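Have a look at the structure below, then the notes.
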Amino acid sequence: MERPYRREFLRRAGCGFGLTALSSLLGAATGPHHAPKAKRVIFLFMQGGPSHMDLFEYKPELEKRNGQPLATALQLPANYEAPGIRDSRLFGPMGKFTRYGQRGMLMSEMLPHLGGVVDDVCFLHGMHADSEAHAPAIRQLHTGHSIQVRPSMGSWTLYGLGSENQNLPGFVTICPVLGGDGGTPQLFGSAFLPTIYQGTPIGRENDAKNARIDYLKDAAATARQQRQQLDFLREINLRHAAQTGPDQELEGRIASFELAFRMQMEAPRVLDIEAESDATKALYGINEKETDNFGRQCLMARRMAEAGVRFVQISDGGWDHHGKLRQSLPVRCKAVDKPIAGLIMDLKKRGLLDDTLVLWGGEFGRTPFDQDLSQGKSPITDRGREHNPKGFTMFMAGGGIKPGISYGETDDFGWHAVQGKVHIHDLHATMLHQLGIDHERLTYRYTGRDYRLTDVFGRVVKEILV
C-alpha cells in the first residue's frame, strides 16, 4: 500500500521544500519525545582501538606484575586464541600517569591538553562490546549491529530530529577512514532508512587540508540556469515516479538535488576555516606538523555544529597497535590531544558545549598482555597489545552529561569491565536520550518489523546525566 506521505511528496516536492519539510514527508519522527539536553553530536572516532590502560585507567597491579606469565594473573578461556598468545606476558602501563583537574583524575601524561579540560569530561571506564574483530566491532559502534547492515547512528539522529539548517546536510562525516580493517560507507549510510538521511562524506583520510564538497560551483552555468535545469530534471523524475509508483531511492535523489543546489550558498563559507583567527587556529594546533590534520577536522566540526549540522563525525586511524606500542601510541596521542582539547574549549567559550554532545572513542580497547607478531624475533620493547572488547574507555562531554567524573571501571588488569558497565547499546540509548529521543520509540518499519538503533537492548545511563 502506498503511504500517504509519498503521495504528498510527489505533489509538493516541486515547491522548493527544505530538508526539514522533506524529512517529515519521508516519514521522519515529528521531533523529540522529551525536552532535549543536546541539539547535536560531534563524534570523534579513533579507529583501531585506543589502549585504555595506557591512557585513562592506571592499574598498579598490572604495573607490579609487568612481564609475568599470563597464568599468574589472568584466567583466559580455554578456547581463547590470538596471534602470538603463547609468547605473551602481562604488559604494564607505558608512560607516566599524573593527576589533572579539580578532582585529580589520573590520566596519561601523553594527553596533557586533554588533561587541561578534564573537568568538562565524563569518562566511561566500563565500556564493553561484543566482537574482537575490527569490522563487526566498528559496525556495532556506528550502527548498533555487528553483522547486518543497519542505519548509522547519525542517520537515526537525522531521521528522528531532522536538520537545523536547510542549506547544509544534517549529517556529515569529515575525512572518513575507508578501506582496511572495517572502514566502509556503511558507517555513515542510511541502509533501509530513506536515503536523504545518509551522511555526506567530506574529504579523504589524512587530507583534511583539502577536505571539501566537490562540484559546489558550476562555472559553465549561472545560478538561474542551474535552477532551470534542476526544475526540468525534477519534473522528469516526478513524472517517472507518478508512472512507476513509490521509489524511496528516487525520492531521496530529488531531495538531495534540492539540497545540493542550496548548499552552494552556505557550504563554502562553513568549510572555509581560513576565516578563523590565528588564535583559534593555534588553539586547534593548525599549521603544526603533528596536529594540523586532525586540528582542521575538529575546527570544521565546530563550524558545522555552529551552523546547525545535526551530527558531525570525524575520524583518526592508526590506533591498532599490535606492535611497536611504545613508539606509535605517543604519536597518535600527539596528533589528537591538542585538537580535541581545543574543540572542547572552543565550544565552551562560544556557549555551544551546553547543547553539543561530544563523544570520543574507538571500537574496543586493548589487552593487558603484550603481543609478539614476530614469533620471538622482535625485542620486548617492540611489542603491542591485542584487541579487547571486554572492557575499555570512552568519554563524553557537554550535552547534559555530568562533567569532571569517571563512571565505571575494569578489573585490576584492565581486562573486564566490572563496575558501571556500559554496553554500546547503552551508549546509543544515552546519546539519543540527551537529544530528546526515547530509543525504544525511534523505530522504522522494514520487512515486516520495527527496527531501532538499539535493537531490543539498551538502557539510558542515568548515573552520568546532569
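Labels for the C-alpha cells follow display order: chains A, B, ..., residues from 1 in each chain, ligands from 1.
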Strand (DSSP E or B) call set, DSSP backbone run, segment 375-460 of chain A, as a short mmCIF file (atom, residue, chain, number, x, y, z; two decimals) with N, CA and C atoms, in the first residue's frame:
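Produced file states.cif, reproduced below:
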data_model
loop_
_atom_site.label_atom_id
_atom_site.label_comp_id
_atom_site.auth_asym_id
_atom_site.auth_seq_id
_atom_site.Cartn_x
_atom_site.Cartn_y
_atom_site.Cartn_z
N ARG A 383 56.78 -4.69 21.21
CA ARG A 383 55.50 -5.38 21.26
C ARG A 383 54.32 -4.41 21.47
N GLY A 384 53.13 -4.94 21.14
CA GLY A 384 51.91 -4.16 21.30
C GLY A 384 50.89 -4.91 22.11
N ARG A 385 49.61 -4.62 21.85
CA ARG A 385 48.52 -5.25 22.58
C ARG A 385 47.47 -5.76 21.60
N GLU A 386 46.77 -6.82 22.00
CA GLU A 386 45.70 -7.41 21.19
C GLU A 386 44.39 -6.65 21.44
N HIS A 387 43.37 -6.94 20.63
CA HIS A 387 42.05 -6.33 20.78
C HIS A 387 41.38 -6.81 22.07
N ASN A 388 40.58 -5.91 22.67
CA ASN A 388 39.85 -6.28 23.88
C ASN A 388 38.50 -5.55 23.95
N PHE A 392 36.86 -1.30 28.23
CA PHE A 392 37.66 -0.21 27.66
C PHE A 392 37.04 1.13 28.04
N THR A 393 37.65 2.21 27.59
CA THR A 393 37.23 3.56 27.97
C THR A 393 36.79 4.37 26.77
N MET A 394 35.69 5.10 26.94
CA MET A 394 35.29 6.16 26.04
C MET A 394 35.00 7.38 26.91
N PHE A 395 34.83 8.54 26.30
CA PHE A 395 34.41 9.68 27.10
C PHE A 395 33.41 10.55 26.36
N MET A 396 32.63 11.29 27.16
CA MET A 396 31.64 12.22 26.64
C MET A 396 31.86 13.57 27.30
N ALA A 397 31.38 14.61 26.64
CA ALA A 397 31.47 15.96 27.20
C ALA A 397 30.30 16.77 26.68
N ILE A 401 25.73 16.01 30.07
CA ILE A 401 26.48 14.94 30.74
C ILE A 401 27.23 15.54 31.92
N ILE A 405 33.81 13.72 35.86
CA ILE A 405 33.61 12.49 36.63
C ILE A 405 34.14 11.28 35.84
N SER A 406 34.37 10.20 36.55
CA SER A 406 34.68 8.90 35.97
C SER A 406 33.60 7.93 36.40
N TYR A 407 33.06 7.19 35.45
CA TYR A 407 32.00 6.24 35.75
C TYR A 407 32.43 4.86 35.29
N GLU A 409 34.50 0.96 35.89
CA GLU A 409 35.90 0.58 35.91
C GLU A 409 36.07 -0.86 35.44
N THR A 410 37.27 -1.18 35.05
CA THR A 410 37.63 -2.55 34.71
C THR A 410 38.32 -3.18 35.92
N ALA A 417 35.30 -5.22 32.12
CA ALA A 417 34.52 -4.21 32.82
C ALA A 417 33.80 -4.89 33.98
N VAL A 418 33.91 -4.32 35.17
CA VAL A 418 33.34 -4.98 36.35
C VAL A 418 32.34 -4.08 37.11
N GLN A 419 32.45 -2.78 36.97
CA GLN A 419 31.52 -1.87 37.63
C GLN A 419 31.10 -0.78 36.64
N VAL A 422 28.85 -0.28 30.72
CA VAL A 422 28.09 0.42 29.68
C VAL A 422 28.35 -0.29 28.35
N HIS A 423 27.33 -0.92 27.83
CA HIS A 423 27.44 -1.57 26.52
C HIS A 423 27.25 -0.53 25.42
N TYR A 444 11.60 2.28 12.82
CA TYR A 444 11.28 2.36 11.39
C TYR A 444 10.87 0.96 10.95
N ARG A 445 9.70 0.86 10.33
CA ARG A 445 9.20 -0.45 9.92
C ARG A 445 9.82 -0.85 8.58
N TYR A 446 10.39 -2.04 8.59
CA TYR A 446 11.08 -2.56 7.40
C TYR A 446 10.97 -4.08 7.42
N ARG A 449 8.85 -5.66 10.33
CA ARG A 449 9.10 -5.45 11.77
C ARG A 449 9.64 -4.05 12.00
N ASP A 450 9.56 -3.60 13.24
CA ASP A 450 10.07 -2.29 13.61
C ASP A 450 11.54 -2.43 14.04
N TYR A 451 12.39 -1.61 13.44
CA TYR A 451 13.81 -1.59 13.78
C TYR A 451 14.12 -0.32 14.55
#
Could I get the residues of segment 293-408 of chain A with an atom no further than 6 Å from an atom of segment 157-173 of chain A, each paired with its nearest atom pair and that distance in Å to one decimal, using only C-alpha atoms, sorted by chain and residue number, as a tab-separated table?
residue	atom	partner	partner_atom	distance
A:Gly308	CA	A:Glu164	CA	4.9
A:Val309	CA	A:Gly170	CA	4.8
A:Arg310	CA	A:Gly170	CA	5.0
A:Phe311	CA	A:Phe171	CA	4.8
A:Val312	CA	A:Val172	CA	5.0
A:Gln313	CA	A:Thr173	CA	4.5
A:Ile314	CA	A:Thr173	CA	5.8
Output N, CA and C atoms of each residue in that selection to a file, as a tab-separated table (two decimals), in the first residue's frame.
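And here is the file that came out, result-v9.tsv:
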chain	number	residue	atom	x	y	z
A	308	GLY	N	24.51	24.48	12.42
A	308	GLY	CA	23.26	23.73	12.50
A	308	GLY	C	23.30	22.33	11.95
A	309	VAL	N	24.49	21.77	11.69
A	309	VAL	CA	24.58	20.38	11.28
A	309	VAL	C	24.28	19.50	12.49
A	310	ARG	N	23.39	18.58	12.35
A	310	ARG	CA	22.89	17.80	13.49
A	310	ARG	C	23.92	16.79	14.02
A	311	PHE	N	24.63	16.12	13.12
A	311	PHE	CA	25.55	15.05	13.54
A	311	PHE	C	26.82	15.18	12.69
A	312	VAL	N	27.96	15.38	13.37
A	312	VAL	CA	29.25	15.52	12.70
A	312	VAL	C	30.17	14.42	13.21
A	313	GLN	N	30.74	13.69	12.29
A	313	GLN	CA	31.66	12.60	12.64
A	313	GLN	C	33.03	12.89	12.05
A	314	ILE	N	34.07	12.78	12.87
A	314	ILE	CA	35.43	12.91	12.36
A	314	ILE	C	36.23	11.70	12.81
Next item on the list: List every residue of segment 66-142 of chain A that DSSP, applied to the backbone of this structure, assigns to alpha helix (DSSP H), and report them as a ChimeraX atom specification.
Entry: /A:112-116,134-142
Note to self: Can you pull out the residues contacting Leu357 of chain A? Cut-off 9 Å, using only C-alpha atoms, and skip same-chain residues under 2 positions away; I want them as a ChimeraX atom specification.
What the structure shows: /A:37-43,353-355,359,396-401,431,434-435
Preceding selection exported with C-alpha atoms as a JSON list (two decimals), in the first residue's frame:
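Output (selection-v2.json):
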[["chain", "number", "residue", "atom", "x", "y", "z"],
["A", 37, "LYS", "CA", 19.71, 18.49, 26.68],
["A", 38, "ALA", "CA", 21.66, 18.38, 23.41],
["A", 39, "LYS", "CA", 20.82, 19.60, 19.93],
["A", 40, "ARG", "CA", 23.69, 17.98, 18.07],
["A", 41, "VAL", "CA", 26.51, 15.43, 18.30],
["A", 42, "ILE", "CA", 30.21, 15.55, 17.40],
["A", 43, "PHE", "CA", 31.62, 12.02, 17.31],
["A", 353, "LEU", "CA", 29.14, 22.89, 24.74],
["A", 354, "ASP", "CA", 25.95, 23.02, 26.81],
["A", 355, "ASP", "CA", 23.87, 21.71, 23.91],
["A", 359, "LEU", "CA", 31.66, 11.62, 22.07],
["A", 396, "MET", "CA", 31.64, 12.22, 26.64],
["A", 397, "ALA", "CA", 31.47, 15.96, 27.20],
["A", 398, "GLY", "CA", 28.73, 18.58, 27.10],
["A", 399, "GLY", "CA", 25.12, 17.99, 26.15],
["A", 400, "GLY", "CA", 23.84, 17.48, 29.69],
["A", 401, "ILE", "CA", 26.48, 14.94, 30.74],
["A", 431, "MET", "CA", 23.09, 9.64, 23.31],
["A", 434, "GLN", "CA", 20.21, 13.55, 25.55],
["A", 435, "LEU", "CA", 18.90, 14.54, 22.12]]
Next item on the list: Can you work out which one of A:Phe457, A:Phe413, A:Tyr197, A:Phe45 has the shortest atom-to-atom distance to Asp426 of chain A, counting only C-alpha atoms?
Entry: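 With only C-alpha atoms as the atom set, the closest residue is A:Phe457.
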Dump as a tab-separated table the rows for residues of segment 261-365 of chain A within 12 Å of segment 99-122 of chain A: closest atom pair and distance in Å with one decimal, only C-alpha atoms counted, ordered by chain and rising residue number.
residue	atom	partner	partner_atom	distance
A:Leu283	CA	A:His113	CA	10.4
A:Tyr284	CA	A:His113	CA	10.6
A:Gly285	CA	A:His113	CA	11.0
A:Arg326	CA	A:Met110	CA	11.3
A:Ser328	CA	A:Met110	CA	11.7
A:Leu329	CA	A:Met110	CA	8.7
A:Pro330	CA	A:Met110	CA	6.2
A:Val331	CA	A:Met110	CA	9.2
A:Arg332	CA	A:Met110	CA	9.5
A:Cys333	CA	A:Met110	CA	6.2
A:Lys334	CA	A:Met110	CA	7.2
A:Ala335	CA	A:Leu111	CA	10.0
A:Val336	CA	A:Leu111	CA	8.7
A:Asp337	CA	A:Leu111	CA	5.6
A:Lys338	CA	A:His113	CA	5.4
A:Pro339	CA	A:His113	CA	8.6
A:Ile340	CA	A:Leu114	CA	7.0
A:Ala341	CA	A:Leu114	CA	5.0
A:Gly342	CA	A:His113	CA	8.2
A:Leu343	CA	A:Val117	CA	10.2
A:Ile344	CA	A:Val117	CA	7.4
A:Met345	CA	A:Val117	CA	7.3
A:Asp346	CA	A:Val117	CA	11.1
A:Leu347	CA	A:Asp120	CA	11.1
A:Lys348	CA	A:Asp120	CA	9.1
A:Leu353	CA	A:Asp120	CA	9.3
A:Asp354	CA	A:Asp120	CA	10.4
A:Leu357	CA	A:Val121	CA	10.7
A:Val358	CA	A:Val121	CA	9.2
A:Leu359	CA	A:Cys122	CA	9.8
A:Trp360	CA	A:Val121	CA	10.2
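Proximity to Gln226 of chain A was assessed for A:Arg253, A:Glu258, A:Asn210, A:Val149 counting only C-alpha atoms; the smallest distance is recorded for A:Glu258.
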Check: Please, what distance in Å, to one decimal, runs between atom CA of Asp278 of chain A and atom CA of Gly295 of chain A?
Finding: 13.1 Å
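Note that atom CA of Met46 of chain A and atom CA of Phe369 of chain A are 21.1 Å apart.
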Notebook entry, point to check: Of the candidates A:Asp411, A:Asp292, A:Glu251, A:Glu132, which shows the shortest atom-to-atom distance to Pro194 of chain A, using only C-alpha atoms?
Noted result: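 Among the listed residues, A:Glu251 lies closest to Pro194 of chain A.
Of note, atom CA of Phe232 of chain A and atom CA of Leu259 of chain A are spaced 15.9 Å apart.
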For the interface of segment 41-121 of chain A with segment 318-322 of chain A (cut-off 10 Å, counting only C-alpha atoms), please tabulate each contacting residue of segment 41-121 of chain A alongside its nearest pair of atoms and their separation in Å to one decimal, rows sorted by chain and increasing number, as CSV.
residue,atom,partner,partner_atom,distance
A:Met46,CA,A:Trp319,CA,6.6
A:Gln47,CA,A:Trp319,CA,5.9
A:Gly48,CA,A:Asp320,CA,4.1
A:Gly49,CA,A:Trp319,CA,5.5
A:Pro50,CA,A:Trp319,CA,5.5
A:Ser51,CA,A:Trp319,CA,8.2
A:Pro83,CA,A:His322,CA,9.6
Margin query: Calculated over only C-alpha atoms, which of the candidates A:Gly126, A:Gly154, A:Pro93, A:Pro77 has the smallest distance to Gly408 of chain A?
Written below: A:Gly126
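Minimum atom-to-atom distance to Met153 of chain A, evaluated using only C-alpha atoms, belongs to A:Thr454 out of A:Thr200, A:Thr367, A:Thr454, A:Gln75.
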So which residues touch Gln140 of chain A within 9 Å, counting only C-alpha atoms, skipping near sequence neighbours fewer than 2 positions away, as a compact mmCIF listing (two decimals) with N, CA and C atoms, in the first residue's frame?
# COMPACT_ATOMS: atom_id res chain seq x y z
N ALA A 129 31.84 -4.29 24.47
CA ALA A 129 31.20 -4.55 23.18
C ALA A 129 31.19 -6.06 22.95
N ASP A 130 30.80 -6.48 21.75
CA ASP A 130 30.56 -7.91 21.51
C ASP A 130 31.60 -8.61 20.64
N SER A 131 32.40 -7.87 19.90
CA SER A 131 33.28 -8.52 18.93
C SER A 131 34.73 -8.11 19.12
N ALA A 135 36.02 -5.18 11.93
CA ALA A 135 34.86 -4.88 11.08
C ALA A 135 33.55 -4.98 11.84
N PRO A 136 33.25 -6.10 12.52
CA PRO A 136 31.97 -6.14 13.25
C PRO A 136 31.92 -5.19 14.44
N ALA A 137 33.06 -4.97 15.12
CA ALA A 137 33.07 -4.06 16.26
C ALA A 137 32.82 -2.62 15.81
N ILE A 138 33.45 -2.22 14.72
CA ILE A 138 33.24 -0.86 14.19
C ILE A 138 31.81 -0.70 13.72
N HIS A 142 28.98 2.03 15.19
CA HIS A 142 28.36 3.04 14.33
C HIS A 142 26.88 2.77 14.06
N THR A 143 26.47 1.50 14.05
CA THR A 143 25.10 1.18 13.62
C THR A 143 24.30 0.39 14.65
N GLY A 144 24.93 -0.09 15.69
CA GLY A 144 24.23 -0.87 16.70
C GLY A 144 24.18 -2.35 16.43
N HIS A 145 24.65 -2.77 15.25
CA HIS A 145 24.63 -4.20 14.93
C HIS A 145 25.96 -4.60 14.33
N SER A 146 26.48 -5.73 14.77
CA SER A 146 27.83 -6.13 14.35
C SER A 146 27.86 -6.90 13.04
N ILE A 147 26.72 -7.41 12.59
CA ILE A 147 26.73 -8.27 11.40
C ILE A 147 25.91 -7.67 10.27
N GLU A 363 36.45 1.34 18.66
CA GLU A 363 35.52 0.21 18.65
C GLU A 363 35.73 -0.76 19.80
N ILE A 424 27.66 -0.87 24.22
CA ILE A 424 27.46 0.03 23.08
C ILE A 424 25.99 0.39 22.93
N HIS A 425 25.08 -0.55 23.15
CA HIS A 425 23.65 -0.24 23.08
C HIS A 425 23.26 0.81 24.13
